[in-house]
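Novice: File follows, work35.txt with compact mmCIF, C-alpha atoms and all ligand atoms:
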# COMPACT_ATOMS: atom_id res chain seq x y z
CA MET N 1497 11.03 59.87 23.24
CA ARG N 1498 13.11 58.92 26.31
CA TYR N 1499 9.90 58.67 28.38
CA PHE N 1500 8.38 56.37 25.85
CA PHE N 1501 11.28 53.92 26.28
CA PHE N 1502 10.97 54.08 30.07
CA ALA N 1503 7.23 53.40 29.84
CA TYR N 1504 7.83 50.60 27.35
CA LEU N 1505 10.46 48.94 29.55
CA LEU N 1506 8.26 49.33 32.60
CA SER N 1507 5.31 47.69 30.84
CA ILE N 1508 7.49 44.75 29.79
CA VAL N 1509 8.75 44.31 33.36
CA LEU N 1510 5.17 44.48 34.65
CA VAL N 1511 3.80 41.99 32.14
CA VAL N 1512 6.63 39.51 32.73
CA GLY N 1513 6.34 40.07 36.48
CA PHE N 1514 2.64 39.23 36.49
CA ALA N 1515 2.43 36.68 33.75
CA GLY N 1516 5.87 35.03 33.92
CA PHE N 1517 7.93 33.69 31.01
CA ARG N 1518 6.33 31.16 28.73
CA GLY N 1519 7.11 27.64 29.80
CA ASP N 1520 7.59 28.58 33.47
CA LYS N 1521 6.08 26.23 35.99
CA PHE N 1522 3.43 27.75 38.24
CA THR N 1523 1.94 26.42 41.42
CA HIS N 1524 -1.19 28.42 40.75
CA THR N 1525 -3.24 28.88 37.59
CA PRO N 1526 -1.25 31.23 35.32
CA ILE N 1527 -2.72 34.45 34.06
CA GLU N 1528 -3.51 33.89 30.41
CA ILE N 1529 -3.02 36.97 28.31
CA PHE N 1530 -2.89 35.09 25.03
CA ASN N 1531 -4.28 31.67 25.88
CA ASP N 1532 -2.97 29.94 22.74
CA MET N 1533 -6.04 27.74 22.65
CA ASP N 1534 -5.15 26.18 26.00
CA GLN N 1535 -8.83 26.24 26.75
CA GLN N 1536 -11.12 24.83 24.07
CA ALA N 1537 -14.78 24.01 23.99
CA LYS N 1538 -14.46 20.33 23.14
CA VAL N 1539 -15.60 16.98 24.38
CA LYS N 1540 -12.79 15.04 26.02
CA ALA N 1541 -12.84 11.23 25.87
CA GLN N 1542 -14.29 9.73 29.06
CA GLY N 1543 -14.97 13.23 30.42
CA SER N 1544 -18.30 14.46 31.68
CA ASN N 1545 -20.25 16.95 29.62
CA ALA N 1546 -23.16 18.98 30.79
CA PHE N 1547 -24.47 19.43 27.24
CA PHE N 1548 -25.94 15.92 27.15
CA ALA N 1549 -28.84 14.89 29.33
CA ASP N 1550 -26.96 11.92 30.77
CA GLY N 1551 -23.85 14.02 31.42
CA VAL N 1552 -21.54 11.61 29.53
CA GLY N 1553 -19.17 13.21 27.00
CA SER N 1554 -18.36 10.13 24.87
CA ARG N 1555 -21.43 9.23 22.84
CA LYS N 1556 -22.46 5.78 21.68
CA PRO N 1557 -23.44 5.24 18.01
CA VAL N 1558 -27.11 5.93 17.39
CA THR N 1559 -29.04 2.67 17.63
CA GLY N 1560 -29.23 0.86 14.28
CA THR N 1561 -26.47 2.84 12.55
CA ILE N 1562 -23.07 1.62 11.29
CA PRO N 1563 -20.20 4.10 10.98
CA MET N 1564 -19.19 4.59 7.33
CA GLY N 1565 -16.11 2.66 6.20
CA LEU N 1566 -15.92 0.58 9.34
CA LYS N 1567 -17.13 -2.86 8.36
CA ILE N 1568 -14.91 -5.22 10.30
CA PRO N 1569 -14.17 -8.43 8.33
CA ASP N 1570 -15.35 -11.74 9.73
CA GLY N 1571 -11.90 -13.31 9.81
CA THR N 1572 -8.27 -12.98 8.79
CA ALA N 1573 -7.22 -12.57 5.16
CA ALA N 1574 -5.80 -16.11 5.17
CA SER N 1575 -9.16 -17.54 6.22
CA GLY N 1576 -10.96 -15.58 3.52
CA GLY N 1577 -12.30 -12.94 5.87
CA PHE N 1578 -11.42 -10.08 3.57
CA ALA N 1579 -13.10 -11.69 0.59
CA VAL N 1580 -15.92 -9.16 0.95
CA TYR N 1581 -13.60 -6.59 -0.56
CA GLY N 1582 -12.65 -8.91 -3.42
CA PHE N 1583 -8.89 -8.33 -3.28
CA SER N 1584 -6.22 -11.05 -3.56
CA HIS N 1585 -5.84 -13.60 -0.84
CA GLY N 1586 -4.69 -17.18 -1.05
CA SER N 1587 -2.44 -18.77 -3.64
CA ASP N 1588 -4.84 -20.34 -6.15
CA TYR N 1589 -5.05 -19.52 -9.86
CA TYR N 1590 -7.95 -17.10 -9.35
CA ASN N 1591 -5.91 -14.96 -6.95
CA THR N 1592 -2.43 -15.18 -8.44
CA GLY N 1593 -2.68 -16.15 -12.12
CA LYS N 1594 -0.30 -19.01 -11.33
CA ILE N 1595 -0.82 -22.74 -11.24
CA GLY N 1596 2.05 -23.99 -9.13
CA ASP N 1597 5.13 -22.25 -10.50
CA PHE N 1598 3.67 -21.56 -13.93
CA TRP N 1599 1.37 -18.97 -15.45
CA GLY N 1600 -2.02 -20.39 -16.23
CA ASP N 1601 -4.07 -19.54 -19.31
CA GLY N 1602 -7.83 -19.45 -19.78
CA PHE N 1603 -10.19 -18.28 -17.06
CA PRO N 1604 -10.47 -19.65 -13.50
CA GLU N 1605 -13.62 -21.53 -12.52
CA GLN N 1606 -14.66 -18.71 -10.17
CA VAL N 1607 -15.65 -16.51 -13.10
CA THR N 1608 -18.18 -17.04 -15.87
CA VAL N 1609 -17.24 -15.32 -19.10
CA ASP N 1610 -20.52 -14.06 -20.52
CA ALA N 1611 -21.66 -10.81 -22.11
CA ALA N 1612 -22.16 -9.08 -18.75
CA PHE N 1613 -18.66 -10.08 -17.63
CA VAL N 1614 -17.07 -8.75 -20.82
CA ARG N 1615 -19.08 -5.55 -20.46
CA LEU N 1616 -17.78 -5.14 -16.90
CA GLY N 1617 -14.27 -5.72 -18.21
CA ARG N 1618 -14.72 -3.11 -20.90
CA GLU N 1619 -15.92 -0.55 -18.37
CA ARG N 1620 -13.03 -1.28 -15.96
CA TYR N 1621 -10.52 -1.30 -18.80
CA ASP N 1622 -11.79 2.04 -20.06
CA ILE N 1623 -11.41 3.48 -16.57
CA ASN N 1624 -8.04 2.01 -15.60
CA CYS N 1625 -6.09 1.16 -18.72
CA THR N 1626 -7.13 3.44 -21.63
CA PRO N 1627 -4.99 6.41 -20.59
CA CYS N 1628 -1.96 4.37 -21.60
CA HIS N 1629 -3.06 1.34 -23.63
CA GLY N 1630 -5.70 3.22 -25.63
CA ARG N 1631 -9.35 2.33 -26.14
CA ALA N 1632 -8.44 -0.17 -28.83
CA GLY N 1633 -5.63 -1.72 -26.79
CA ASN N 1634 -3.00 -0.63 -29.29
CA GLY N 1635 -0.79 1.15 -26.75
CA LEU N 1636 -1.60 4.59 -28.15
CA GLY N 1637 -3.41 6.09 -25.21
CA ILE N 1638 -3.17 9.78 -24.37
CA THR N 1639 -0.01 9.30 -22.29
CA SER N 1640 1.83 8.05 -25.36
CA GLN N 1641 1.55 11.59 -26.70
CA TYR N 1642 3.28 12.92 -23.60
CA GLY N 1643 6.39 10.80 -23.61
CA MET N 1644 5.34 7.44 -22.17
CA ALA N 1645 7.16 4.97 -24.37
CA ASN N 1646 6.86 1.23 -25.01
CA ILE N 1647 3.28 0.86 -23.83
CA ALA N 1648 2.24 -2.71 -24.61
CA ASN N 1649 0.14 -3.13 -27.75
CA PHE N 1650 -2.31 -5.98 -27.22
CA SER N 1651 -2.52 -6.83 -30.89
CA THR N 1652 1.08 -7.96 -31.20
CA PRO N 1653 2.12 -11.63 -31.43
CA SER N 1654 3.20 -11.69 -27.78
CA PHE N 1655 -0.47 -11.37 -26.90
CA LEU N 1656 -2.07 -13.08 -29.86
CA ASN N 1657 0.02 -16.12 -30.57
CA PRO N 1658 0.23 -18.81 -27.86
CA GLN N 1659 3.12 -20.32 -29.83
CA ALA N 1660 5.21 -17.14 -29.52
CA ALA N 1661 8.17 -17.43 -27.14
CA ASP N 1662 7.10 -14.32 -25.23
CA TYR N 1663 3.35 -15.10 -25.28
CA ARG N 1664 1.46 -13.46 -22.39
CA SER N 1665 -1.06 -15.91 -21.00
CA ASN N 1666 -4.08 -14.79 -18.98
CA GLY N 1667 -2.29 -15.61 -15.73
CA ASN N 1668 0.70 -13.55 -16.84
CA ILE N 1669 -1.54 -10.55 -17.66
CA PHE N 1670 -3.28 -11.01 -14.32
CA ASP N 1671 0.07 -10.73 -12.60
CA THR N 1672 0.96 -7.61 -14.59
CA ILE N 1673 -2.29 -5.92 -13.53
CA THR N 1674 -1.74 -6.97 -9.91
CA HIS N 1675 1.94 -6.14 -9.49
CA GLY N 1676 2.82 -4.00 -12.51
CA ARG N 1677 5.73 -4.72 -14.79
CA GLY N 1678 8.64 -2.66 -16.04
CA GLN N 1679 7.42 0.89 -16.40
CA MET N 1680 3.83 -0.01 -15.60
CA GLY N 1681 2.70 0.43 -12.01
CA PRO N 1682 0.63 -2.08 -9.98
CA TYR N 1683 -3.16 -1.94 -9.98
CA GLY N 1684 -3.76 -4.78 -7.51
CA ALA N 1685 -4.76 -2.38 -4.77
CA ASN N 1686 -7.24 -0.55 -7.01
CA ILE N 1687 -8.95 -3.32 -8.96
CA PRO N 1688 -10.65 -6.28 -7.23
CA VAL N 1689 -9.68 -9.76 -8.43
CA LYS N 1690 -12.90 -10.44 -10.33
CA GLU N 1691 -12.60 -7.17 -12.24
CA ARG N 1692 -8.99 -7.98 -13.17
CA TRP N 1693 -10.24 -11.15 -14.85
CA ALA N 1694 -13.04 -9.16 -16.49
CA ILE N 1695 -10.43 -6.75 -17.89
CA ILE N 1696 -8.48 -9.71 -19.28
CA ALA N 1697 -11.69 -10.94 -20.93
CA TRP N 1698 -12.05 -7.53 -22.56
CA VAL N 1699 -8.40 -7.44 -23.65
CA ARG N 1700 -8.94 -10.82 -25.34
CA THR N 1701 -12.18 -9.56 -26.87
CA MET N 1702 -10.35 -6.59 -28.39
CA GLU N 1703 -7.64 -8.86 -29.75
CA ILE N 1704 -10.11 -11.24 -31.35
CA SER N 1705 -12.16 -8.43 -32.83
CA ARG N 1706 -9.08 -6.83 -34.39
CA THR N 1707 -7.86 -10.04 -35.95
CA ALA N 1708 -11.14 -11.75 -36.78
CA PRO N 1709 -11.22 -12.79 -40.45
CA LEU N 1710 -14.09 -11.40 -42.53
CA SER N 1711 -14.27 -14.81 -44.21
CA GLU N 1712 -15.80 -16.15 -40.99
CA PRO N 1713 -19.58 -16.00 -41.66
CA SER N 1714 -20.61 -14.84 -38.16
CA ILE N 1715 -18.01 -12.06 -38.23
CA ARG N 1716 -19.05 -11.00 -41.74
CA ASP N 1717 -22.70 -10.89 -40.66
CA ALA N 1718 -21.86 -8.78 -37.62
CA TRP N 1719 -19.75 -6.49 -39.79
CA THR N 1720 -22.50 -6.08 -42.36
CA ALA N 1721 -25.04 -5.37 -39.64
CA LEU N 1722 -22.83 -2.72 -38.01
CA ALA N 1723 -21.33 -1.15 -41.13
CA PRO N 1724 -22.55 2.38 -41.84
CA PRO N 1725 -25.16 2.55 -44.60
CA PRO N 1726 -23.61 3.31 -48.02
CA SER N 1727 -23.80 7.00 -48.81
CA THR N 1728 -26.16 7.77 -51.67
CA ALA N 1729 -24.80 11.26 -52.34
CA ALA N 1730 -21.26 10.23 -53.18
CA ALA N 1731 -21.29 7.33 -55.54
CA ALA N 1732 -18.34 5.72 -53.78
CA PRO N 1733 -18.54 1.98 -54.10
CA ALA N 1734 -18.22 0.02 -50.84
CA THR N 1735 -15.42 -2.04 -52.31
CA PRO N 1736 -12.68 -0.56 -54.44
CA PRO N 1737 -13.04 -1.34 -58.13
CA ALA N 1738 -11.26 -4.53 -59.05
CA ALA N 1739 -9.22 -2.90 -61.75
CA ALA N 1740 -7.48 0.30 -60.76
CA PRO N 1741 -4.81 0.72 -63.41
CA ALA N 1742 -4.01 4.33 -62.46
CA ALA N 1743 -2.84 3.42 -58.94
CA PRO N 1744 0.83 2.48 -59.05
CA ALA N 1745 1.69 -0.55 -56.99
CA ALA N 1746 3.36 0.47 -53.76
CA ALA N 1747 6.95 -0.62 -53.55
CA GLN N 1748 7.08 -3.41 -51.03
C1 LIG R 1 0.28 4.67 -16.69
C2 LIG R 1 0.21 3.94 -17.91
C3 LIG R 1 -0.35 2.54 -17.87
C4 LIG R 1 -1.56 2.13 -17.40
C5 LIG R 1 -2.65 2.97 -16.75
C6 LIG R 1 -1.64 0.73 -17.64
N1 LIG R 1 -0.51 0.30 -18.25
FE1 LIG R 1 -0.11 -1.59 -18.85
N2 LIG R 1 1.71 -1.00 -19.48
C7 LIG R 1 2.20 0.28 -19.47
C8 LIG R 1 3.56 0.29 -19.97
C9 LIG R 1 4.45 1.51 -20.11
C10 LIG R 1 3.87 -1.03 -20.28
C11 LIG R 1 5.20 -1.57 -20.78
C12 LIG R 1 5.97 -2.00 -19.54
C13 LIG R 1 7.39 -2.35 -19.85
O1 LIG R 1 7.60 -3.27 -20.64
O2 LIG R 1 8.27 -1.70 -19.26
C14 LIG R 1 2.69 -1.83 -19.98
C15 LIG R 1 2.62 -3.19 -20.16
C16 LIG R 1 1.46 -3.92 -19.98
C17 LIG R 1 1.36 -5.33 -20.25
C18 LIG R 1 2.46 -6.22 -20.79
C19 LIG R 1 3.39 -6.58 -19.68
C20 LIG R 1 4.43 -7.57 -20.15
O3 LIG R 1 4.25 -8.76 -19.91
O4 LIG R 1 5.40 -7.13 -20.78
C21 LIG R 1 0.08 -5.69 -19.96
C22 LIG R 1 -0.53 -7.07 -20.09
C23 LIG R 1 -0.59 -4.51 -19.49
N3 LIG R 1 0.27 -3.45 -19.51
C24 LIG R 1 -1.91 -4.48 -19.09
C25 LIG R 1 -2.52 -3.37 -18.51
C26 LIG R 1 -3.86 -3.37 -18.03
C27 LIG R 1 -4.83 -4.53 -18.12
C28 LIG R 1 -4.09 -2.14 -17.51
C29 LIG R 1 -5.34 -1.62 -16.82
C30 LIG R 1 -5.67 -2.31 -15.60
C31 LIG R 1 -2.88 -1.36 -17.68
N4 LIG R 1 -1.96 -2.14 -18.31
C32 LIG R 1 -2.73 -0.05 -17.30
C33 LIG R 1 1.53 1.39 -19.03
C34 LIG R 1 0.30 1.38 -18.42
Taking this structure as input, can you express it in the form of structure tokens?
Specialist:
Amino acid sequence: MRYFFFAYLLSIVLVVGFAGFRGDKFTHTPIEIFNDMDQQAKVKAQGSNAFFADGVGSRKPVTGTIPMGLKIPDGTAASGGFAVYGFSHGSDYYNTGKIGDFWGDGFPEQVTVDAAFVRLGRERYDINCTPCHGRAGNGLGITSQYGMANIANFSTPSFLNPQAADYRSNGNIFDTITHGRGQMGPYGANIPVKERWAIIAWVRTMEISRTAPLSEPSIRDAWTALAPPPSTAAAAPATPPAAAPAAPAAAQ
């Protein structure tokens, strides 16, 4: 056992003697026992490289190709150079939801509210907003079952009634999507400006559809066309019988 320790000590002395301590400065190339990746087979910027026929390490992009994700905008954000991405720039109604110091309502002239626009809004709403606000916009999305409280319900007077003191105009909703509000986070960095307006169009569509009166002929026609066919098996009448004496009147 004693000899083992002598041999062990001797080998340490020899290794340190030949290789030196780590971090020592050498005037000659050190002996590398464990080279710790000091030497790697890699192309160094501006270095020569025998692998390529022209001997140049740094390669130029292949003719006619554009690197992915590297489209350089034509100008600054202020001059509209980033408009290609469709995110907010400038201070007009379209980009801020504000006209001067006030929230605007209605839709800016840059967008045309037609069926395709509403469909886009529905798709973007379903992707970005349903987890919390629910598919019907009633604030009962899946997160409401896991403790997220007070999610805005779009069929309340603050969204439906322009006369209400806390009415949310389109510009106001635009700002909420862009910057978030209260417990809701901002989505301005995720949703381009045009799609934010499309989402607002869909929110309004949901509101109208939930409050549309059946007395309105076009609504009634649409309802009749979409209503499920009456079941023949169960003789349940489509409308409840006019006289239902057995049902006690609910206490109001
Ligand atoms: C992570 C959950 C969540 C998502 C996703 C979400 N919201 Fe909200 N939203 C909330 C909550 C919570 C509130 C209530 C905020 C408060 O009053 O503190 C709210 C409030 C709002 C309000 C009312 C703000 C006000 O003026 O009081 C609007 C409008 C709104 N959301 C629109 C949207 C739209 C449009 C989307 C999709 C782009 C969206 N939200 C996505 C959770 C969410």
Novice: Would you pick out the contacts of Ala1645 of chain N at 12 Å or less, using only C-alpha atoms, so that residues sharing its chain but fewer than 2 positions from it are not included, and give the list as JSON, numbers by chain?
Specialist: {"N": [1628, 1629, 1635, 1636, 1637, 1638, 1639, 1640, 1641, 1642, 1643, 1647, 1648, 1649, 1678, 1679, 1680]}
Novice: Once you count all atoms listed in the file, what closest atom pair and distance in Å to one decimal does each residue of chain N within 10 Å of ligand LIG 1 (chain R) have, with rows by chain and rising residue number, as CSV?
Specialist:
residue,atom,partner,partner_atom,distance
N:Gly1617,CA,R:LIG1,C27,9.5
N:Arg1620,CA,R:LIG1,C30,7.4
N:Tyr1621,CA,R:LIG1,C29,5.6
N:Asp1622,CA,R:LIG1,C29,8.1
N:Ile1623,CA,R:LIG1,C29,7.9
N:Asn1624,CA,R:LIG1,C29,4.7
N:Cys1625,CA,R:LIG1,C29,3.4
N:Thr1626,CA,R:LIG1,C5,6.6
N:Pro1627,CA,R:LIG1,C5,5.7
N:Cys1628,CA,R:LIG1,C2,4.3
N:His1629,CA,R:LIG1,N1,6.0
N:Gly1630,CA,R:LIG1,C4,9.3
N:Gly1633,CA,R:LIG1,C24,9.0
N:Gly1635,CA,R:LIG1,C7,7.9
N:Gly1637,CA,R:LIG1,C2,8.4
N:Ile1638,CA,R:LIG1,C2,9.3
N:Thr1639,CA,R:LIG1,C2,6.9
N:Ser1640,CA,R:LIG1,C2,8.7
N:Met1644,CA,R:LIG1,C9,6.3
N:Ala1645,CA,R:LIG1,C9,6.1
N:Asn1646,CA,R:LIG1,C11,5.3
N:Ile1647,CA,R:LIG1,C8,3.9
N:Ala1648,CA,R:LIG1,C15,4.5
N:Asn1649,CA,R:LIG1,C17,7.9
N:Phe1650,CA,R:LIG1,C22,7.4
N:Ser1654,CA,R:LIG1,O3,8.5
N:Phe1655,CA,R:LIG1,C22,8.1
N:Asp1662,CA,R:LIG1,O3,8.2
N:Tyr1663,CA,R:LIG1,O3,8.4
N:Arg1664,CA,R:LIG1,O3,6.0
N:Ser1665,CA,R:LIG1,C22,8.9
N:Asn1666,CA,R:LIG1,C22,8.6
N:Gly1667,CA,R:LIG1,C22,9.7
N:Asn1668,CA,R:LIG1,O3,6.7
N:Ile1669,CA,R:LIG1,C22,4.4
N:Phe1670,CA,R:LIG1,C22,7.5
N:Asp1671,CA,R:LIG1,C22,8.4
N:Thr1672,CA,R:LIG1,C22,5.7
N:Ile1673,CA,R:LIG1,C30,5.4
N:Thr1674,CA,R:LIG1,C30,8.3
N:Gly1676,CA,R:LIG1,FE1,7.4
N:Arg1677,CA,R:LIG1,C12,5.5
N:Gly1678,CA,R:LIG1,O2,3.4
N:Gln1679,CA,R:LIG1,O2,4.0
N:Met1680,CA,R:LIG1,C7,4.2
N:Gly1681,CA,R:LIG1,C1,6.8
N:Pro1682,CA,R:LIG1,C32,8.3
N:Tyr1683,CA,R:LIG1,C30,6.2
N:Gly1684,CA,R:LIG1,C30,8.7
N:Asn1686,CA,R:LIG1,C30,8.9
N:Ile1687,CA,R:LIG1,C30,7.5
N:Glu1691,CA,R:LIG1,C30,9.1
N:Arg1692,CA,R:LIG1,C30,7.0
N:Trp1693,CA,R:LIG1,C27,9.2
N:Ala1694,CA,R:LIG1,C27,9.6
N:Ile1695,CA,R:LIG1,C27,6.0
N:Ile1696,CA,R:LIG1,C27,6.4
N:Ala1697,CA,R:LIG1,C27,9.8
N:Trp1698,CA,R:LIG1,C27,9.0
N:Val1699,CA,R:LIG1,C27,7.2
Novice: With all atoms listed in the file as the atoms that count, which of N:Ser1587, N:Thr1608, N:Thr1701, N:Thr1707 lies nearest to Pro1653 of chain N?
Specialist: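 Among N:Ser1587, N:Thr1608, N:Thr1701, N:Thr1707, it is N:Thr1707 that comes nearest to Pro1653 of chain N.
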Novice: Measure the distance from atom CA of Glu1528 of chain N to atom CA of Ala1515 of chain N in Å and round it to one decimal.
Specialist: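 That distance, rounded to one decimal, is 7.4 Å.
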Novice: To one decimal in Å, tell me the separation between atom CA of Ser1554 of chain N and atom CA of Gln1535 of chain N.
Specialist: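 So the two atoms, atom CA of Ser1554 of chain N and atom CA of Gln1535 of chain N, lie 18.8 Å apart.
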Novice: What is the atom CA of Asp1550 of chain N-atom CA of Lys1538 of chain N distance in Å, reported with one decimal?
Specialist: 16.9 Å
Novice: Closest to Pro1658 of chain N among N:Pro1526, N:Phe1583, N:Asp1601, N:Asn1545, using all atoms listed in the file?
Specialist: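 Answer, going by the shortest atom-to-atom distance: N:Asp1601.
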Novice: So, counting only C-alpha atoms, which residue among N:Ala1632, N:Leu1506, N:Ala1723, N:Val1689 is closest to Ser1705 of chain N?
Specialist: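 Checking each of N:Ala1632, N:Leu1506, N:Ala1723, N:Val1689 against Ser1705 of chain N, counting only C-alpha atoms, the winner is N:Ala1632.
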Novice: Ranking N:Ile1595, N:Val1614, N:Met1702, N:Leu1710 by minimum distance to Thr1652 of chain N and counting all atoms listed in the file, which one comes first?
Specialist: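 Checking each candidate against Thr1652 of chain N, we get N:Met1702 as the closest.
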Novice: Please define a box with edges along x, y and z of the file around all atoms of segment 1687-1702 of chain N given in the file, extend it by 3 Å on each side, and return its centre and edge lengths in Å to one decimal, as JSON.
Specialist:
{"center_x": -10.7, "center_y": -7.2, "center_z": -17.8, "size_x": 10.6, "size_y": 13.8, "size_z": 27.2}
Novice: Complete segment 1583-1606 of chain N with N, CA and C atoms (output as an mmCIF file, keeping the file's coordinate frame).
Specialist:
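The resulting file, rebuild_23.cif, is shown below:
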data_model
loop_
_atom_site.group_PDB
_atom_site.id
_atom_site.type_symbol
_atom_site.label_atom_id
_atom_site.label_comp_id
_atom_site.auth_asym_id
_atom_site.auth_seq_id
_atom_site.Cartn_x
_atom_site.Cartn_y
_atom_site.Cartn_z
ATOM 1 N N PHE N 1583 -10.295 -8.448 -2.890
ATOM 2 C CA PHE N 1583 -8.890 -8.330 -3.280
ATOM 3 C C PHE N 1583 -8.161 -9.648 -3.025
ATOM 4 N N SER N 1584 -6.932 -9.759 -3.562
ATOM 5 C CA SER N 1584 -6.220 -11.050 -3.560
ATOM 6 C C SER N 1584 -6.015 -11.595 -2.155
ATOM 7 N N HIS N 1585 -6.306 -12.854 -2.003
ATOM 8 C CA HIS N 1585 -5.840 -13.600 -0.840
ATOM 9 C C HIS N 1585 -5.722 -15.046 -1.299
ATOM 10 N N GLY N 1586 -4.852 -15.782 -0.646
ATOM 11 C CA GLY N 1586 -4.690 -17.180 -1.050
ATOM 12 C C GLY N 1586 -3.737 -17.310 -2.219
ATOM 13 N N SER N 1587 -3.469 -18.537 -2.633
ATOM 14 C CA SER N 1587 -2.440 -18.770 -3.640
ATOM 15 C C SER N 1587 -2.981 -19.544 -4.836
ATOM 16 N N ASP N 1588 -4.297 -19.588 -5.017
ATOM 17 C CA ASP N 1588 -4.840 -20.340 -6.150
ATOM 18 C C ASP N 1588 -4.758 -19.523 -7.447
ATOM 19 N N TYR N 1589 -5.147 -20.165 -8.551
ATOM 20 C CA TYR N 1589 -5.050 -19.520 -9.860
ATOM 21 C C TYR N 1589 -5.856 -18.219 -9.885
ATOM 22 N N TYR N 1590 -7.068 -18.272 -9.331
ATOM 23 C CA TYR N 1590 -7.950 -17.100 -9.350
ATOM 24 C C TYR N 1590 -7.273 -15.875 -8.729
ATOM 25 N N ASN N 1591 -6.509 -16.088 -7.660
ATOM 26 C CA ASN N 1591 -5.910 -14.960 -6.950
ATOM 27 C C ASN N 1591 -4.504 -14.583 -7.385
ATOM 28 N N THR N 1592 -3.826 -15.472 -8.113
ATOM 29 C CA THR N 1592 -2.430 -15.180 -8.440
ATOM 30 C C THR N 1592 -2.135 -15.254 -9.943
ATOM 31 N N GLY N 1593 -2.983 -15.953 -10.709
ATOM 32 C CA GLY N 1593 -2.680 -16.150 -12.120
ATOM 33 C C GLY N 1593 -1.693 -17.289 -12.331
ATOM 34 N N LYS N 1594 -1.278 -17.922 -11.231
ATOM 35 C CA LYS N 1594 -0.300 -19.010 -11.330
ATOM 36 C C LYS N 1594 -0.930 -20.337 -10.951
ATOM 37 N N ILE N 1595 -0.488 -21.371 -11.650
ATOM 38 C CA ILE N 1595 -0.820 -22.740 -11.240
ATOM 39 C C ILE N 1595 0.514 -23.353 -10.865
ATOM 40 N N GLY N 1596 0.724 -23.568 -9.585
ATOM 41 C CA GLY N 1596 2.050 -23.990 -9.130
ATOM 42 C C GLY N 1596 3.041 -22.897 -9.443
ATOM 43 N N ASP N 1597 4.108 -23.247 -10.173
ATOM 44 C CA ASP N 1597 5.130 -22.250 -10.500
ATOM 45 C C ASP N 1597 4.926 -21.634 -11.868
ATOM 46 N N PHE N 1598 3.832 -21.990 -12.538
ATOM 47 C CA PHE N 1598 3.670 -21.560 -13.930
ATOM 48 C C PHE N 1598 2.448 -20.654 -14.106
ATOM 49 N N TRP N 1599 2.530 -19.776 -15.112
ATOM 50 C CA TRP N 1599 1.370 -18.970 -15.450
ATOM 51 C C TRP N 1599 0.293 -19.854 -16.031
ATOM 52 N N GLY N 1600 -0.933 -19.649 -15.606
ATOM 53 C CA GLY N 1600 -2.020 -20.390 -16.230
ATOM 54 C C GLY N 1600 -2.582 -19.594 -17.393
ATOM 55 N N ASP N 1601 -3.369 -20.247 -18.239
ATOM 56 C CA ASP N 1601 -4.070 -19.540 -19.310
ATOM 57 C C ASP N 1601 -5.551 -19.877 -19.169
ATOM 58 N N GLY N 1602 -6.393 -19.217 -19.937
ATOM 59 C CA GLY N 1602 -7.830 -19.450 -19.780
ATOM 60 C C GLY N 1602 -8.325 -18.742 -18.525
ATOM 61 N N PHE N 1603 -9.598 -18.975 -18.197
ATOM 62 C CA PHE N 1603 -10.190 -18.280 -17.060
ATOM 63 C C PHE N 1603 -10.445 -19.233 -15.896
ATOM 64 N N PRO N 1604 -10.249 -18.783 -14.655
ATOM 65 C CA PRO N 1604 -10.470 -19.650 -13.500
ATOM 66 C C PRO N 1604 -11.956 -19.983 -13.347
ATOM 67 N N GLU N 1605 -12.237 -21.071 -12.631
ATOM 68 C CA GLU N 1605 -13.620 -21.530 -12.520
ATOM 69 C C GLU N 1605 -14.495 -20.542 -11.732
ATOM 70 N N GLN N 1606 -13.870 -19.647 -10.972
ATOM 71 C CA GLN N 1606 -14.660 -18.710 -10.170
ATOM 72 C C GLN N 1606 -15.394 -17.668 -11.011
#
